[in-house]
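Colleague: Below you'll find the structure I mean.
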Amino acid sequence: MSDLITADLVDLDLAAPDKDAVVRQLAERMVTAGRVTDLDGFLADVAAREAQMPTGLEGGIGIPHCRSEHATEPTLAFGRPRRPVDFGATDGPADLVFLIAAPAGADSDHLTILSALARELMNPDFTAALRAAEDPAVAAALSRGDSPAPPAGSATADAAESPETGTPETEAPA
């Protein structure tokens, strides 16, 4: 699933006042990347899915998603709104938003993306890293399941440092 998200599909400073604007801004990135062919048609498909059931999850997460004839390949976009946005979660608005697009008929891909992302989002270290990411490439790597180096000063980074030198330890090649 490494091609699902790239740095150009990440916006760490979404200036959107509501759910529809957040979804639009992330969908526009999908259009620019050539992964969605018709913005308005795709947005209508997302809205139809949202009308069935809210896509907000506990912990400040929104995952709007749909299968659409306007999606050219399975795609994941990620954004952090400047102000949390209501996606219908019982505990309040979302400050982490993932937009999932799957081509019409790609039920398996759609479910695979949703379940893999939901598993990752249960990990508080994962969501904390996304909230702290300052580089779209880092956020994309995290969202793909890659493990970029943790930020300096984090518990994970501190554990990776040698107690004697304070420098990162390296492993011998296998």
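Residues in the structure tokens are named by chain (A, B, ... in the order shown) and by number from 1 within that chain; ligands are numbered from 1 in the order shown.
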List the spatial neighbours of Thr32 (chain A) as a compact mmCIF listing (two decimals) with all heavy atoms, in the first residue's frame - criterion: any atom at most 12 Å away, only C-alpha atoms, same-chain residues fewer than 6 positions off excluded.

Modeller:
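To be explicit, this is the file written out as out.txt:
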# COMPACT_ATOMS: atom_id res chain seq x y z
N ASP A 8 2.56 14.94 -1.66
CA ASP A 8 1.66 15.90 -2.31
C ASP A 8 0.19 15.67 -1.95
O ASP A 8 -0.66 16.49 -2.26
CB ASP A 8 1.86 15.93 -3.82
CG ASP A 8 1.62 14.60 -4.51
OD1 ASP A 8 1.83 13.54 -3.87
OD2 ASP A 8 1.21 14.60 -5.68
N LEU A 9 -0.10 14.58 -1.25
CA LEU A 9 -1.46 14.30 -0.81
C LEU A 9 -1.64 14.63 0.68
O LEU A 9 -2.61 14.21 1.30
CB LEU A 9 -1.79 12.82 -1.06
CG LEU A 9 -1.87 12.43 -2.54
CD1 LEU A 9 -1.90 10.92 -2.69
CD2 LEU A 9 -3.07 13.08 -3.21
N GLN A 25 -10.63 20.35 0.05
CA GLN A 25 -9.21 20.67 -0.07
C GLN A 25 -8.37 19.40 -0.26
O GLN A 25 -7.43 19.39 -1.06
CB GLN A 25 -8.72 21.47 1.14
CG GLN A 25 -9.22 22.89 1.12
CD GLN A 25 -8.72 23.71 2.30
OE1 GLN A 25 -7.87 23.30 3.07
NE2 GLN A 25 -9.27 24.90 2.45
N LEU A 26 -8.72 18.33 0.45
CA LEU A 26 -7.97 17.08 0.28
C LEU A 26 -8.28 16.46 -1.09
O LEU A 26 -7.38 15.93 -1.76
CB LEU A 26 -8.28 16.11 1.41
CG LEU A 26 -7.75 16.53 2.78
CD1 LEU A 26 -8.23 15.57 3.86
CD2 LEU A 26 -6.23 16.64 2.78
N ASP A 38 -12.81 13.83 -11.64
CA ASP A 38 -13.88 14.82 -11.62
C ASP A 38 -14.13 15.21 -10.16
O ASP A 38 -14.72 14.43 -9.39
CB ASP A 38 -15.14 14.22 -12.25
CG ASP A 38 -16.35 15.13 -12.19
OD1 ASP A 38 -16.25 16.29 -11.72
OD2 ASP A 38 -17.44 14.69 -12.61
N LEU A 39 -13.68 16.40 -9.79
CA LEU A 39 -13.78 16.85 -8.41
C LEU A 39 -15.22 16.85 -7.91
O LEU A 39 -15.53 16.27 -6.87
CB LEU A 39 -13.16 18.24 -8.24
CG LEU A 39 -13.23 18.83 -6.84
CD1 LEU A 39 -12.47 17.99 -5.84
CD2 LEU A 39 -12.71 20.27 -6.86
N ALA A 77 -5.44 10.55 1.32
CA ALA A 77 -4.94 11.90 1.55
C ALA A 77 -5.08 12.18 3.04
O ALA A 77 -6.00 11.66 3.69
CB ALA A 77 -5.72 12.92 0.74

Colleague: Could you write out, as a PyMOL selection string, all the residues of region 6-155 of chain A that DSSP marks as helix (DSSP H, G or I)?

Modeller: chain A and resi 7-9+19-32+39-52+107-121+124-132+136-144+155

Colleague: Return the single residue from A:Ala128, A:Phe87, A:Arg82, A:Glu120 that is closest to Leu12 (chain A), with distances computed using only C-alpha atoms.

Modeller: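 Result for the nearest residue to Leu12 (chain A): A:Arg82.
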
Colleague: Using only C-alpha atoms, which protein or nucleic acid residues come within 12 Å of Ala137 (chain A)? Drop anything in the same chain fewer than 3 positions from it, and give the result as a PyMOL selection string.

Modeller: chain A and resi 5-12+78+130+133-134+140-144+146-148

Colleague: Suppose we keep all heavy atoms; can you now write the selection as a tab-separated table (two decimals), in the first residue's frame?

Modeller:
chain	number	residue	atom	x	y	z
A	5	ILE	N	-0.37	6.98	-0.59
A	5	ILE	CA	-0.21	8.36	-0.15
A	5	ILE	C	1.22	8.82	-0.42
A	5	ILE	O	2.17	8.06	-0.23
A	5	ILE	CB	-0.59	8.54	1.33
A	5	ILE	CG1	-0.56	10.02	1.73
A	5	ILE	CG2	0.26	7.67	2.23
A	5	ILE	CD1	-1.20	10.31	3.08
A	6	THR	N	1.32	10.04	-0.88
A	6	THR	CA	2.62	10.69	-1.11
A	6	THR	C	2.56	12.07	-0.46
A	6	THR	O	1.48	12.53	-0.06
A	6	THR	CB	2.90	10.82	-2.61
A	6	THR	OG1	1.83	11.57	-3.21
A	6	THR	CG2	3.02	9.45	-3.29
A	7	ALA	N	3.69	12.72	-0.38
A	7	ALA	CA	3.75	14.04	0.29
A	7	ALA	C	2.81	15.05	-0.35
A	7	ALA	O	2.27	15.92	0.35
A	7	ALA	CB	5.19	14.56	0.29
A	8	ASP	N	2.56	14.94	-1.66
A	8	ASP	CA	1.66	15.90	-2.31
A	8	ASP	C	0.19	15.67	-1.95
A	8	ASP	O	-0.66	16.49	-2.26
A	8	ASP	CB	1.86	15.93	-3.82
A	8	ASP	CG	1.62	14.60	-4.51
A	8	ASP	OD1	1.83	13.54	-3.87
A	8	ASP	OD2	1.21	14.60	-5.68
A	9	LEU	N	-0.10	14.58	-1.25
A	9	LEU	CA	-1.46	14.30	-0.81
A	9	LEU	C	-1.64	14.63	0.68
A	9	LEU	O	-2.61	14.21	1.30
A	9	LEU	CB	-1.79	12.82	-1.06
A	9	LEU	CG	-1.87	12.43	-2.54
A	9	LEU	CD1	-1.90	10.92	-2.69
A	9	LEU	CD2	-3.07	13.08	-3.21
A	10	VAL	N	-0.70	15.40	1.23
A	10	VAL	CA	-0.73	15.77	2.65
A	10	VAL	C	-0.81	17.28	2.77
A	10	VAL	O	-0.08	18.00	2.11
A	10	VAL	CB	0.53	15.24	3.37
A	10	VAL	CG1	0.60	15.75	4.80
A	10	VAL	CG2	0.59	13.73	3.32
A	11	ASP	N	-1.68	17.75	3.66
A	11	ASP	CA	-1.78	19.17	3.99
A	11	ASP	C	-1.80	19.30	5.51
A	11	ASP	O	-2.77	18.90	6.15
A	11	ASP	CB	-3.02	19.80	3.38
A	11	ASP	CG	-3.06	21.31	3.52
A	11	ASP	OD1	-2.42	21.84	4.45
A	11	ASP	OD2	-3.73	21.96	2.70
A	12	LEU	N	-0.71	19.81	6.07
A	12	LEU	CA	-0.59	19.90	7.52
A	12	LEU	C	-1.15	21.19	8.08
A	12	LEU	O	-1.06	21.43	9.28
A	12	LEU	CB	0.89	19.75	7.92
A	12	LEU	CG	1.53	18.42	7.52
A	12	LEU	CD1	2.99	18.40	7.90
A	12	LEU	CD2	0.78	17.25	8.13
A	78	PHE	N	-4.18	12.99	3.58
A	78	PHE	CA	-4.18	13.29	5.00
A	78	PHE	C	-4.10	14.78	5.21
A	78	PHE	O	-3.36	15.48	4.51
A	78	PHE	CB	-2.99	12.61	5.69
A	78	PHE	CG	-2.77	13.08	7.10
A	78	PHE	CD1	-3.68	12.79	8.10
A	78	PHE	CD2	-1.65	13.83	7.43
A	78	PHE	CE1	-3.49	13.23	9.40
A	78	PHE	CE2	-1.45	14.27	8.72
A	78	PHE	CZ	-2.35	13.98	9.71
A	130	LEU	N	1.59	11.84	14.05
A	130	LEU	CA	0.91	12.60	13.00
A	130	LEU	C	0.60	14.02	13.47
A	130	LEU	O	0.71	14.96	12.69
A	130	LEU	CB	-0.39	11.91	12.58
A	130	LEU	CG	-0.21	10.65	11.74
A	130	LEU	CD1	-1.55	9.96	11.56
A	130	LEU	CD2	0.41	10.97	10.40
A	133	ALA	N	4.01	15.89	13.34
A	133	ALA	CA	4.75	15.96	12.07
A	133	ALA	C	4.75	17.38	11.52
A	133	ALA	O	3.73	18.06	11.51
A	133	ALA	CB	4.12	15.02	11.05
A	134	GLU	N	5.93	17.82	11.10
A	134	GLU	CA	6.08	19.17	10.53
A	134	GLU	C	6.39	19.13	9.04
A	134	GLU	O	6.45	20.16	8.40
A	134	GLU	CB	7.17	19.92	11.28
A	134	GLU	CG	6.81	20.19	12.73
A	134	GLU	CD	7.88	20.97	13.48
A	134	GLU	OE1	8.75	21.57	12.83
A	134	GLU	OE2	7.84	20.96	14.71
A	140	ALA	N	3.26	11.52	5.33
A	140	ALA	CA	2.93	10.53	4.31
A	140	ALA	C	3.58	9.19	4.66
A	140	ALA	O	2.94	8.14	4.55
A	140	ALA	CB	3.39	11.00	2.93
A	141	ALA	N	4.83	9.21	5.09
A	141	ALA	CA	5.52	7.98	5.46
A	141	ALA	C	4.82	7.30	6.63
A	141	ALA	O	4.61	6.08	6.62
A	141	ALA	CB	6.97	8.28	5.81
A	142	LEU	N	4.44	8.07	7.63
A	142	LEU	CA	3.72	7.50	8.76
A	142	LEU	C	2.40	6.89	8.31
A	142	LEU	O	2.03	5.78	8.72
A	142	LEU	CB	3.45	8.59	9.81
A	142	LEU	CG	4.65	9.05	10.62
A	142	LEU	CD1	4.33	10.35	11.33
A	142	LEU	CD2	5.07	7.98	11.61
A	143	SER	N	1.68	7.59	7.45
A	143	SER	CA	0.39	7.12	6.98
A	143	SER	C	0.51	5.87	6.14
A	143	SER	O	-0.41	5.06	6.08
A	143	SER	CB	-0.32	8.22	6.19
A	143	SER	OG	-0.56	9.33	7.03
A	144	ARG	N	1.65	5.69	5.47
A	144	ARG	CA	1.92	4.48	4.69
A	144	ARG	C	2.30	3.31	5.58
A	144	ARG	O	2.34	2.18	5.14
A	144	ARG	CB	3.10	4.71	3.74
A	144	ARG	CG	2.79	5.41	2.48
A	144	ARG	CD	3.94	5.25	1.48
A	144	ARG	NE	5.19	5.81	1.96
A	144	ARG	CZ	5.59	7.06	1.76
A	144	ARG	NH1	4.82	7.88	1.11
A	144	ARG	NH2	6.74	7.47	2.21
A	146	ASP	N	5.31	3.38	7.07
A	146	ASP	CA	6.77	3.44	7.16
A	146	ASP	C	7.12	4.00	8.53
A	146	ASP	O	6.32	4.64	9.18
A	146	ASP	CB	7.35	4.37	6.08
A	146	ASP	CG	7.08	3.86	4.68
A	146	ASP	OD1	6.67	2.70	4.52
A	146	ASP	OD2	7.27	4.65	3.73
A	147	SER	N	8.33	3.79	8.94
A	147	SER	CA	8.76	4.28	10.25
A	147	SER	C	9.94	5.22	10.10
A	147	SER	O	11.09	4.81	10.23
A	147	SER	CB	9.15	3.11	11.15
A	147	SER	OG	8.04	2.30	11.38
A	148	PRO	N	9.68	6.50	9.81
A	148	PRO	CA	10.78	7.44	9.76
A	148	PRO	C	11.37	7.61	11.15
A	148	PRO	O	10.75	7.24	12.14
A	148	PRO	CB	10.16	8.74	9.26
A	148	PRO	CG	8.72	8.61	9.59
A	148	PRO	CD	8.40	7.14	9.58

Colleague: Would you list the contacts of Asp91 (chain A) as a ChimeraX atom specification, taking every protein, DNA or RNA residue within 8 Å and counting only C-alpha atoms, but skipping same-chain residues closer than 6 positions in sequence?

Modeller: /A:58-60
